[in-house]
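Have a look at the structure below, then the notes.
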Amino acid sequence: MEASGVLTRLGSSMRLSRGDRIQVAVIAALLVFALLGLPQLLSLYWIDIFTTAAIFAIASLGLGLLVGRVGMISLGQVAVLALGAWVGAKLCFSTSLPYPIVLLLSGVITMLLGTLIGLPALRVSGLYLALVTLMLAGAINVVLTQINFPNGGKGFLGFDELYPGSIRRPSIAVSDPSFFRYTVIVALLMFALALWHLRSKPGRAWAAIRQSEPAALTAGVNVTLYKMWAFALASFVTGVAGALFGSSSLKLYNYEFPTQQSIVLFAVVLMGGIYTLWGAIIAGALLWILPALFTIWGINAEIPTILFGIGVLQVLTTAPAGIAYQFPHDMMRLGKLLYRLIRRPAATAGST
Amino acid sequence: MIEIENLTVHFGGVVPLDALTITFESGTCGLIGPNGAGKTTFFNVLSGFVRPSAGSVHAFGDDLLAMPHFRRARWGLRRTFQTEQAIEELSIYENVAMVHEHSASSRSARRQDVLGAIDFVGIEPDPATKVATLGARDRRLVEVARAVVGKPRVVLLDEPAAGLPDEETTHLAGVIQAIPDHMGALVILVDHDMSLVSACCGVTSVLDFGALIASGPTAQVLRDERVMRAYLGTEEFV
């Protein structure tokens with residue numbers, strides 16, 4: 001075949017496919033609804049829940065990248081979130097930097113700390129990597145229990161037991177509904193950052209690593225560098241999420257970041273689906289909106305943890321791509337089924 | 001040209017390569033031998049997965065053993081594996097392009113080089129097709145395209161025809177034969193399919209128990225008495 005023929009063929013196939021166009025439309029609709037509709041419809045209680053869900057969607061995004069795209073299991077992502085929250089609170093109290101800069105710096109500092117702490121972990125993989133990250137998360141938790149979160153006190157640690165202050169929010173988003181909108185926009189930027197990575201050189205290198213490390217090495221991929229890059233990116237977005245979490249809840253306490261929460265996060269990320277970015281949004285919703293609903297319905301809010309266990313089992317045995325893949329797939333099948341049910345009588349009537 | 005001198009590998013008490021001295025001049029060179037002769041270990045030393053306990057490897061004057069493994073790809077060393085390793089979640093184009101991205105070739109030539117390599121191996125489906133949806137033949141060809149894209153200097157093919165039906169092996173033989181002229185690389189082919197080796201390789205070397213037992217024009221080597229004995233066993237055992 002002529003090279004020019006291949007070129008035109010490739011050109012036509014690289015335009016937005018039908019699936020891509022549907023996704024863009026769904027994203028736009030959801031975004032308009034989240035920014036304009038939700039804050040009007042929801043009570044302040046629910047806005048708070050949705051804000052937290054959006055923040056955890058960002059953390060899930062980081063974890064999903066590690067697990068789904070590179071094949072690295074981290075059981076310490078909530079500790080990284082706590083790290084980001086600490087750095088964000090510290091910056092909010094000690095500096096008067098514009099809020100976007102606070103977010104950016106929280107991300108970068110968490111990225112440096114997270115990568116530094118995680119560096120030795122890159123030598124191991126699989127179950128052992130998971131174990132090491134879990135232990136590191138425990139260690140971070142112990143340290144944070146000792147030093148507490150900054151709340152406007154004096155000194156480097158900035159902790160004041162008697163007169164705790166509130167962590168500031170951006171001046172354009174002080175009220176809860178506007179801070180929710182702000183969080184959604186930041187989440188969108190984080191998802192865009194991840195998507196940009198996945199569609200370019202690092203994304204392809206990660207795909208190679210996940211398929212086979214020896215094959216990636218012979219293809220010239222510096223496996224250690226790209227693993228570290230994934231770790232850094234995940235820490236960055238989680239750090240930004242942590243800073244948002246601080247501003248969302250105004251005051252931070254250690255019990256909000258229990259070590260076992262990382263394991264639950266891992267479970268919901270698996271359930272949401274690790275091979276698409278939609279999975280992270282579903283994970284955030286599962287982790288926060290579902291328990292809140294249960295509470296409203298008068299069901300024990302601990303029940304979701306049991307459901308997540310069953311959910312992970314279901315995902316591992318029947319739907320490895322998670323809810324993000326399974327749900328549209330099932331809906332499509334249901335649609336086809338309904339379509340056939342409606343069409344069939346007409347078709348039989350026509351043939352007789 | 002690759003010059004290997006005195007190459008020795010120890011795995012505990014096992015010696016898969018025993019003071020191997022061998023030279024590959026140019027074109028497509030065959031490397032055959034019974035199972036366990038050390039062929040794959042030899043490739044693993046060249047790729048950097050196995051560290052030899054002694055010996056040297058010089059490729060076109062450069063000391064290959066001094067480079068970290070991912071650097072060797074940048075230098076121009078390429079390889080395919082016995083089990084096919086094309087990346088399922090990427091398209092044909094991306095599979096080949098990602099190798100190009102990590103090679104020394106320039107970015108501006110990428111599109112041309114990648115489509116050229118896909119064209120060269122004769123993959124028919126649209127380059128935007130995901131590899132996961134391809135059959136065994138096309139996946140193999142994607143791997144070969146990955147191995148020849150850009151400016152390869154040495155291409156190691158480890159049983160590329162394993163599991164392929166005859167007519168597809170014939171197509172693959174044509175592709176392999178054309179690599180030295182079209183891509184300017186030295187090819188070392190390991191395979192148990194003697195018709196493939198005869199069709200592709202002007203010269204062939206034979207390993208047995210980690211040492212070179214014969215080397216020369218392929219037809220001559222395949223008739224060599226020591227080679228027959230290595231494959232069939234000695235008379236005492238027959």
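By order of appearance in the structure tokens: chains A, B, ..., then residues from 1 within every chain, and ligands from 1 in the order shown.
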
Open item on the list: Can you work out which residues from chain B touch chain A at a cut-off of 6 Å (counting only C-alpha atoms) and hand them back as a PyMOL selection string?
Closed with: chain B and resi 70+73-74+99+102

Task: Test item: residues at most 12 Å from segment 20-26 of chain B, only C-alpha atoms, excluding those fewer than 5 positions along its chain, as a PyMOL selection string - done: chain B and resi 1-9+15+31+37-39+41-42+45+52-60+153-156+179-181+184-189+201-216

Let me see the file: selected residues, C-alpha atoms, as an mmCIF file, in the first residue's frame.
```cif
data_model
loop_
_atom_site.group_PDB
_atom_site.id
_atom_site.type_symbol
_atom_site.label_atom_id
_atom_site.label_comp_id
_atom_site.auth_asym_id
_atom_site.auth_seq_id
_atom_site.Cartn_x
_atom_site.Cartn_y
_atom_site.Cartn_z
ATOM 1 C CA MET B 1 29.305 -6.297 13.300
ATOM 2 C CA ILE B 2 29.037 -7.797 16.768
ATOM 3 C CA GLU B 3 32.077 -9.394 18.352
ATOM 4 C CA ILE B 4 31.518 -11.547 21.392
ATOM 5 C CA GLU B 5 34.545 -12.779 23.258
ATOM 6 C CA ASN B 6 34.773 -15.339 25.981
ATOM 7 C CA LEU B 7 31.209 -14.676 27.180
ATOM 8 C CA THR B 8 30.352 -16.699 30.277
ATOM 9 C CA VAL B 9 27.145 -16.756 32.309
ATOM 10 C CA VAL B 15 26.602 -22.530 32.940
ATOM 11 C CA LEU B 31 21.541 -18.813 15.629
ATOM 12 C CA ALA B 37 21.765 -24.483 24.287
ATOM 13 C CA GLY B 38 21.898 -20.903 25.576
ATOM 14 C CA LYS B 39 20.296 -18.976 22.701
ATOM 15 C CA THR B 41 20.343 -16.464 27.545
ATOM 16 C CA PHE B 42 22.626 -15.009 24.890
ATOM 17 C CA VAL B 45 22.858 -10.812 27.902
ATOM 18 C CA PRO B 52 27.675 -12.183 32.395
ATOM 19 C CA SER B 53 30.378 -13.256 34.818
ATOM 20 C CA ALA B 54 33.054 -12.801 32.175
ATOM 21 C CA GLY B 55 33.561 -11.746 28.570
ATOM 22 C CA SER B 56 32.906 -8.772 26.345
ATOM 23 C CA VAL B 57 30.373 -7.721 23.714
ATOM 24 C CA HIS B 58 31.333 -5.094 21.169
ATOM 25 C CA ALA B 59 28.757 -3.961 18.635
ATOM 26 C CA PHE B 60 30.018 -1.689 15.852
ATOM 27 C CA ARG B 153 21.462 -1.268 14.262
ATOM 28 C CA VAL B 154 21.011 -4.743 15.678
ATOM 29 C CA VAL B 155 17.699 -6.636 15.618
ATOM 30 C CA LEU B 156 17.344 -9.786 17.732
ATOM 31 C CA ILE B 179 15.466 -6.012 7.120
ATOM 32 C CA PRO B 180 19.241 -5.654 6.499
ATOM 33 C CA ASP B 181 18.790 -3.980 3.097
ATOM 34 C CA GLY B 184 20.281 -1.230 7.510
ATOM 35 C CA ALA B 185 20.404 -3.421 10.591
ATOM 36 C CA LEU B 186 22.211 -6.598 11.452
ATOM 37 C CA VAL B 187 19.654 -9.301 12.246
ATOM 38 C CA ILE B 188 20.209 -12.291 14.504
ATOM 39 C CA LEU B 189 17.457 -14.866 14.125
ATOM 40 C CA CYS B 201 20.045 -16.561 6.831
ATOM 41 C CA GLY B 202 23.150 -16.647 4.682
ATOM 42 C CA VAL B 203 25.256 -17.744 7.610
ATOM 43 C CA THR B 204 24.252 -19.686 10.706
ATOM 44 C CA SER B 205 25.954 -20.450 13.986
ATOM 45 C CA VAL B 206 25.100 -23.397 16.191
ATOM 46 C CA LEU B 207 25.231 -23.435 19.974
ATOM 47 C CA ASP B 208 25.265 -26.483 22.176
ATOM 48 C CA PHE B 209 25.735 -26.431 25.960
ATOM 49 C CA GLY B 210 26.595 -22.730 25.812
ATOM 50 C CA ALA B 211 29.455 -23.063 23.325
ATOM 51 C CA LEU B 212 29.796 -22.558 19.594
ATOM 52 C CA ILE B 213 30.003 -25.912 17.795
ATOM 53 C CA ALA B 214 29.675 -24.835 14.166
ATOM 54 C CA SER B 215 29.456 -21.691 12.071
ATOM 55 C CA GLY B 216 29.354 -20.886 8.368
#
```

TODO: Compile the contact shell of segment 159-165 of chain B as a PyMOL selection string: residues with an atom at most 7 Å away, counting only C-alpha atoms, same-chain residues fewer than 6 positions apart removed.
DONE: chain B and resi 82+137+190-191

TODO: Give me the residues within 8 Å of Ser47 of chain B as a list in words, counting only C-alpha atoms and dropping any in the same chain fewer than 3 places off.
DONE: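 Selected residues are Thr218 of chain A; Phe43, Asn44, Val50, His69, Arg72, Leu77 and Arg79 of chain B.
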
TODO: Select, from A:Trp206, A:Trp196, A:Phe294, A:Phe93, the residue with the minimum atom-to-atom distance to Met98 of chain B, counting only C-alpha atoms.
DONE: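 Ranked by minimum distance to Met98 of chain B, first place goes to A:Trp206.
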